[in-house]
$ cat coords15.pdb   # PDB, C-alpha atoms and all ligand atoms
ATOM      1  CA  LEU A   6     -62.466  -1.300 -12.641
ATOM      2  CA  LYS A   7     -64.379  -4.504 -13.324
ATOM      3  CA  VAL A   8     -67.203  -2.657 -15.080
ATOM      4  CA  ALA A   9     -64.711  -0.788 -17.222
ATOM      5  CA  ALA A  10     -63.022  -4.035 -18.240
ATOM      6  CA  VAL A  11     -66.319  -5.611 -19.214
ATOM      7  CA  SER A  12     -67.409  -2.703 -21.366
ATOM      8  CA  PHE A  13     -64.010  -2.632 -23.066
ATOM      9  CA  LEU A  14     -64.449  -6.333 -23.928
ATOM     10  CA  SER A  15     -67.964  -5.671 -25.202
ATOM     11  CA  ILE A  16     -66.735  -2.916 -27.459
ATOM     12  CA  LEU A  17     -63.949  -5.134 -28.743
ATOM     13  CA  THR A  18     -66.343  -8.007 -29.398
ATOM     14  CA  LEU A  19     -68.847  -5.738 -31.112
ATOM     15  CA  GLY A  20     -66.046  -4.380 -33.268
ATOM     16  CA  ILE A  21     -65.052  -7.855 -34.385
ATOM     17  CA  VAL A  22     -68.623  -8.959 -35.018
ATOM     18  CA  GLY A  23     -69.398  -5.713 -36.817
ATOM     19  CA  ILE A  24     -66.537  -6.228 -39.220
ATOM     20  CA  GLY A  25     -67.564  -9.858 -39.683
ATOM     21  CA  LEU A  26     -70.900  -8.751 -41.085
ATOM     22  CA  ILE A  27     -69.328  -7.007 -44.042
ATOM     23  CA  VAL A  28     -67.054  -9.880 -45.086
ATOM     24  CA  SER A  29     -69.655 -11.386 -47.400
ATOM     25  CA  PRO A  30     -67.261 -11.453 -50.424
ATOM     26  CA  GLY A  31     -65.618 -14.390 -48.618
ATOM     27  CA  VAL A  32     -68.622 -16.465 -49.554
ATOM     28  CA  VAL A  33     -67.530 -16.190 -53.178
ATOM     29  CA  ALA A  34     -63.982 -17.365 -52.387
ATOM     30  CA  SER A  35     -65.312 -20.244 -50.332
ATOM     31  CA  GLU A  36     -67.095 -21.654 -53.369
ATOM     32  CA  LEU A  37     -64.070 -21.849 -55.686
ATOM     33  CA  ASP A  38     -62.301 -25.184 -56.228
ATOM     34  CA  GLN A  39     -58.564 -25.575 -55.718
ATOM     35  CA  PRO A  40     -57.364 -24.795 -59.280
ATOM     36  CA  ALA A  41     -59.606 -21.723 -59.384
ATOM     37  CA  LEU A  42     -58.334 -20.571 -55.986
ATOM     38  CA  ILE A  43     -54.714 -20.927 -57.127
ATOM     39  CA  GLY A  44     -55.397 -18.947 -60.293
ATOM     40  CA  ALA A  45     -57.294 -16.261 -58.412
ATOM     41  CA  VAL A  46     -54.515 -15.773 -55.844
ATOM     42  CA  LEU A  47     -51.710 -15.739 -58.433
ATOM     43  CA  SER A  48     -53.476 -13.206 -60.629
ATOM     44  CA  HIS A  49     -54.981 -10.982 -57.929
ATOM     45  CA  PRO A  50     -53.877  -7.348 -58.345
ATOM     46  CA  ARG A  51     -53.760  -6.769 -54.567
ATOM     47  CA  ILE A  52     -51.955  -9.987 -53.561
ATOM     48  CA  HIS A  53     -48.176  -9.741 -53.932
ATOM     49  CA  LEU A  54     -46.537 -13.045 -53.022
ATOM     50  CA  LEU A  55     -42.854 -13.236 -52.212
ATOM     51  CA  SER A  56     -41.092 -15.575 -54.643
ATOM     52  CA  GLY A  57     -40.986 -18.642 -52.364
ATOM     53  CA  ALA A  58     -44.659 -18.261 -51.490
ATOM     54  CA  ASN A  59     -45.501 -17.757 -55.157
ATOM     55  CA  SER A  60     -43.909 -21.078 -56.084
ATOM     56  CA  ASP A  61     -45.609 -22.850 -53.133
ATOM     57  CA  VAL A  62     -48.975 -21.672 -54.483
ATOM     58  CA  GLU A  63     -48.097 -22.526 -58.101
ATOM     59  CA  ARG A  64     -47.084 -26.034 -57.101
ATOM     60  CA  GLY A  65     -50.430 -26.664 -55.392
ATOM     61  CA  LEU A  66     -48.880 -27.116 -51.944
ATOM     62  CA  VAL A  67     -51.005 -24.544 -50.121
ATOM     63  CA  ASP A  68     -54.127 -25.356 -48.122
ATOM     64  CA  PRO A  69     -57.324 -24.011 -49.717
ATOM     65  CA  GLY A  70     -58.153 -22.178 -46.493
ATOM     66  CA  VAL A  71     -54.965 -20.120 -46.773
ATOM     67  CA  LEU A  72     -55.778 -19.227 -50.383
ATOM     68  CA  LYS A  73     -59.316 -18.233 -49.407
ATOM     69  CA  ILE A  74     -58.293 -15.904 -46.601
ATOM     70  CA  LEU A  75     -55.826 -14.133 -48.890
ATOM     71  CA  LEU A  76     -58.638 -13.547 -51.384
ATOM     72  CA  ILE A  77     -60.972 -12.359 -48.631
ATOM     73  CA  LEU A  78     -58.427  -9.918 -47.175
ATOM     74  CA  ALA A  79     -57.559  -8.662 -50.660
ATOM     75  CA  GLU A  80     -61.170  -7.512 -51.082
ATOM     76  CA  GLU A  81     -60.367  -4.670 -48.700
ATOM     77  CA  HIS A  82     -56.574  -4.538 -48.427
ATOM     78  CA  GLU A  83     -53.398  -4.338 -50.455
ATOM     79  CA  LEU A  84     -51.326  -7.339 -49.336
ATOM     80  CA  THR A  85     -47.982  -5.969 -50.396
ATOM     81  CA  ARG A  86     -45.577  -8.620 -49.120
ATOM     82  CA  VAL A  87     -47.052 -12.079 -48.545
ATOM     83  CA  GLY A  88     -44.891 -14.945 -47.345
ATOM     84  CA  PRO A  89     -43.348 -17.147 -46.392
ATOM     85  CA  ILE A  90     -45.920 -19.906 -46.657
ATOM     86  CA  ILE A  91     -43.796 -23.105 -46.789
ATOM     87  CA  SER A  92     -40.545 -22.229 -48.582
ATOM     88  CA  GLY A  93     -38.205 -20.177 -46.429
ATOM     89  CA  HIS A  94     -40.026 -20.826 -43.160
ATOM     90  CA  SER A  95     -38.516 -22.984 -40.426
ATOM     91  CA  TYR A  96     -40.024 -26.459 -40.005
ATOM     92  CA  TYR A  97     -40.555 -25.963 -36.296
ATOM     93  CA  VAL A  98     -42.349 -23.231 -34.415
ATOM     94  CA  ARG A  99     -39.493 -21.052 -33.203
ATOM     95  CA  GLY A 100     -38.048 -22.225 -29.904
ATOM     96  CA  THR A 101     -40.012 -25.493 -29.914
ATOM     97  CA  THR A 102     -39.895 -28.999 -31.412
ATOM     98  CA  ARG A 103     -43.485 -28.611 -32.607
ATOM     99  CA  PRO A 104     -43.808 -28.631 -36.414
ATOM    100  CA  SER A 105     -45.212 -25.355 -37.706
ATOM    101  CA  ASN A 106     -48.400 -25.322 -39.742
ATOM    102  CA  HIS A 107     -46.275 -23.504 -42.326
ATOM    103  CA  ALA A 108     -44.475 -26.801 -43.037
ATOM    104  CA  PHE A 109     -47.745 -28.275 -44.319
ATOM    105  CA  GLY A 110     -48.939 -25.266 -46.308
ATOM    106  CA  ARG A 111     -51.520 -24.442 -43.667
ATOM    107  CA  ALA A 112     -50.153 -21.045 -42.600
ATOM    108  CA  VAL A 113     -49.170 -17.770 -44.214
ATOM    109  CA  ASP A 114     -47.320 -14.700 -42.989
ATOM    110  CA  ILE A 115     -48.392 -11.288 -44.262
ATOM    111  CA  LEU A 116     -45.632  -8.732 -43.833
ATOM    112  CA  TRP A 117     -47.093  -5.570 -45.340
ATOM    113  CA  VAL A 118     -50.724  -4.418 -45.386
ATOM    114  CA  ASP A 119     -52.008  -1.368 -47.256
ATOM    115  CA  GLY A 120     -48.580  -0.210 -48.323
ATOM    116  CA  ALA A 121     -46.834  -0.326 -44.953
ATOM    117  CA  PRO A 122     -45.147  -2.921 -42.751
ATOM    118  CA  VAL A 123     -47.423  -4.620 -40.243
ATOM    119  CA  SER A 124     -46.947  -2.889 -36.903
ATOM    120  CA  TYR A 125     -48.982  -1.759 -33.934
ATOM    121  CA  SER A 126     -49.658   1.507 -35.739
ATOM    122  CA  ASN A 127     -50.806  -0.029 -39.063
ATOM    123  CA  ALA A 128     -54.575   0.535 -39.010
ATOM    124  CA  GLY A 129     -55.179  -1.605 -42.104
ATOM    125  CA  ALA A 130     -53.353  -4.517 -40.491
ATOM    126  CA  LEU A 131     -55.526  -4.129 -37.403
ATOM    127  CA  VAL A 132     -58.686  -4.315 -39.501
ATOM    128  CA  ALA A 133     -57.294  -7.329 -41.410
ATOM    129  CA  THR A 134     -56.546  -9.105 -38.115
ATOM    130  CA  LYS A 135     -60.087  -8.477 -36.876
ATOM    131  CA  THR A 136     -61.472  -9.693 -40.186
ATOM    132  CA  LEU A 137     -59.597 -13.003 -39.867
ATOM    133  CA  LEU A 138     -60.897 -13.502 -36.324
ATOM    134  CA  SER A 139     -64.473 -12.766 -37.375
ATOM    135  CA  LEU A 140     -64.679 -15.193 -40.294
ATOM    136  CA  PRO A 141     -67.261 -17.965 -40.046
ATOM    137  CA  GLU A 142     -66.141 -21.568 -39.655
ATOM    138  CA  PRO A 143     -64.475 -23.313 -41.377
ATOM    139  CA  LEU A 144     -62.786 -20.234 -42.885
ATOM    140  CA  ARG A 145     -61.724 -18.828 -39.529
ATOM    141  CA  PRO A 146     -58.024 -19.604 -38.927
ATOM    142  CA  ASP A 147     -57.119 -21.452 -35.727
ATOM    143  CA  GLU A 148     -54.043 -19.246 -35.253
ATOM    144  CA  VAL A 149     -53.994 -15.479 -35.792
ATOM    145  CA  GLY A 150     -50.720 -13.974 -34.640
ATOM    146  CA  SER A 151     -50.326 -10.209 -34.908
ATOM    147  CA  PRO A 152     -49.216  -7.145 -32.954
ATOM    148  CA  TRP A 153     -52.607  -7.393 -31.191
ATOM    149  CA  ARG A 154     -54.024 -10.022 -28.884
ATOM    150  CA  PHE A 155     -57.813 -10.124 -28.674
ATOM    151  CA  PRO A 156     -59.663 -12.113 -26.021
ATOM    152  CA  VAL A 157     -60.934 -14.629 -28.570
ATOM    153  CA  ARG A 158     -59.815 -18.128 -29.565
ATOM    154  CA  GLY A 159     -56.678 -18.281 -31.664
ATOM    155  CA  SER A 160     -55.581 -14.655 -31.290
ATOM    156  CA  PHE A 161     -52.048 -14.265 -30.001
ATOM    157  CA  SER A 162     -49.177 -11.823 -29.984
ATOM    158  CA  ASP A 163     -45.536 -12.176 -29.032
ATOM    159  CA  ALA A 164     -42.151 -10.730 -29.933
ATOM    160  CA  ASP A 165     -42.070 -12.751 -33.180
ATOM    161  CA  HIS A 166     -45.415 -11.383 -34.368
ATOM    162  CA  LEU A 167     -45.031  -7.630 -33.930
ATOM    163  CA  GLY A 168     -44.110  -7.190 -37.604
ATOM    164  CA  HIS A 169     -46.428  -9.556 -39.436
ATOM    165  CA  ILE A 170     -49.801 -11.243 -39.377
ATOM    166  CA  HIS A 171     -49.643 -15.033 -39.127
ATOM    167  CA  ALA A 172     -52.772 -16.950 -40.108
ATOM    168  CA  GLY A 173     -52.741 -20.713 -39.757
ATOM    169  CA  TYR A 174     -54.954 -23.747 -39.600
ATOM    170  CA  SER A 175     -54.276 -26.672 -37.309
ATOM    171  CA  LYS A 176     -56.622 -28.935 -39.219
ATOM    172  CA  LYS A 177     -56.133 -30.406 -42.650
ATOM    173  CA  ASP A 178     -57.711 -29.330 -45.920
ATOM    174  CA  ASN A 179     -59.966 -26.332 -45.361
ATOM    175  CA  SER A 180     -61.637 -26.728 -48.713
TER     176      SER A 180
HETATM  177 ZN    ZN B   1     -46.277 -17.617 -39.545
END

$ encode --input "coords15.pdb" --output "structure tokens" --more "lines below"
Ligand SMILES: [Zn+2]
Amino acid sequence: LKVAAVSFLSILTLGIVGIGLIVSPGVVASELDQPALIGAVLSHPRIHLLSGANSDVERGLVDPGVLKILLILAEEHELTRVGPIISGHSYYVRGTTRPSNHAFGRAVDILWVDGAPVSYSNAGALVATKTLLSLPEPLRPDEVGSPWRFPVRGSFSDADHLGHIHAGYSKKDNS
């Protein structure tokens, strides 16, 4: 049983690393300044922001790291319903008195990936989750909530995250 568990972890880790190797377009996004990032996200044909999230981005309230990961994911995926970022999200993490990273523009929820709601059976959402977890620092989000929990830092899943991907940074200004 122990051997089986170890090889499963190895396969999982290899999968994440393997996907990480092909995320080189992220290097391009990481070199854009804030106004260019905002313009790129707002005009991207595969990034569809919900109205509250759209105005958060327009108003310059969103952390550069969040903008960059949207651009990176959009290289490979249709992000059909993106938000909330700040507007429309609760100030606190649900069930706690801990302020959410959403409140500071440091987190985004992605509700639909590749034309379908995020769920355990959405293969594109699974790949997108692995991509987020395989990004190099400082692009790699500190929090990646999804229907899947991988044995790596920041990955989590719970009842609130079975229908969307949450990507958030606990640190300020990921420019
Ligand atoms: Zn969230």

$ residues_near_ligand --input "coords15.pdb" --ligand "ligand ZN 1 (chain B)" --cutoff "12 Å" --atoms "only C-alpha atoms and all ligand atoms" --output "NGL selection string"
:A and (71 or 87-99 or 104-116 or 146 or 148-151 or 161-163 or 165-174)

$ resolve_selection --input "coords15.pdb" --expression "the PyMOL selection byres (((chain A and resi 158) around 9) and not hetatm)" --output "list in words"
Leu138, Asp147, Glu148, Val149, Phe155, Pro156, Val157, Gly159, Ser160 and Phe161 of chain A

$ resolve_selection --input "coords15.pdb" --expression "the PyMOL selection byres (((chain A and resi 50-55) around 8) and not hetatm)" --output "PyMOL selection string"
chain A and resi 46-49+56-59+75-76+79+82-89

$ atom_distance --input "coords15.pdb" --atom1 "CA of Leu140 in chain A" --atom2 "CA of Gly120 in chain A"
23.4 Å

$ residues_around --input "coords15.pdb" --residues "Gly65 in chain A" --least-positions-apart "5" --cutoff "9 Å" --atoms "only C-alpha atoms" --output "CSV table (one decimal) with C-alpha atoms, keeping the file's coordinate frame"
chain,number,residue,atom,x,y,z
A,39,GLN,CA,-58.6,-25.6,-55.7
A,40,PRO,CA,-57.4,-24.8,-59.3
A,43,ILE,CA,-54.7,-20.9,-57.1
A,60,SER,CA,-43.9,-21.1,-56.1

$ atom_distance --input "coords15.pdb" --atom1 "CA of Lys176 in chain A" --atom2 "CA of Arg64 in chain A"
20.5 Å

$ axis_aligned_box --input "coords15.pdb" --around "range 133-139 of chain A" --padding-each-side "3 Å" --output "lines of an AutoDock Vina configuration file"
center_x = -60.5
center_y = -10.4
center_z = -38.9
size_x = 13.9
size_y = 12.2
size_z = 11.1

$ atom_distance --input "coords15.pdb" --atom1 "CA of Gly70 in chain A" --atom2 "CA of Leu144 in chain A"
6.2 Å
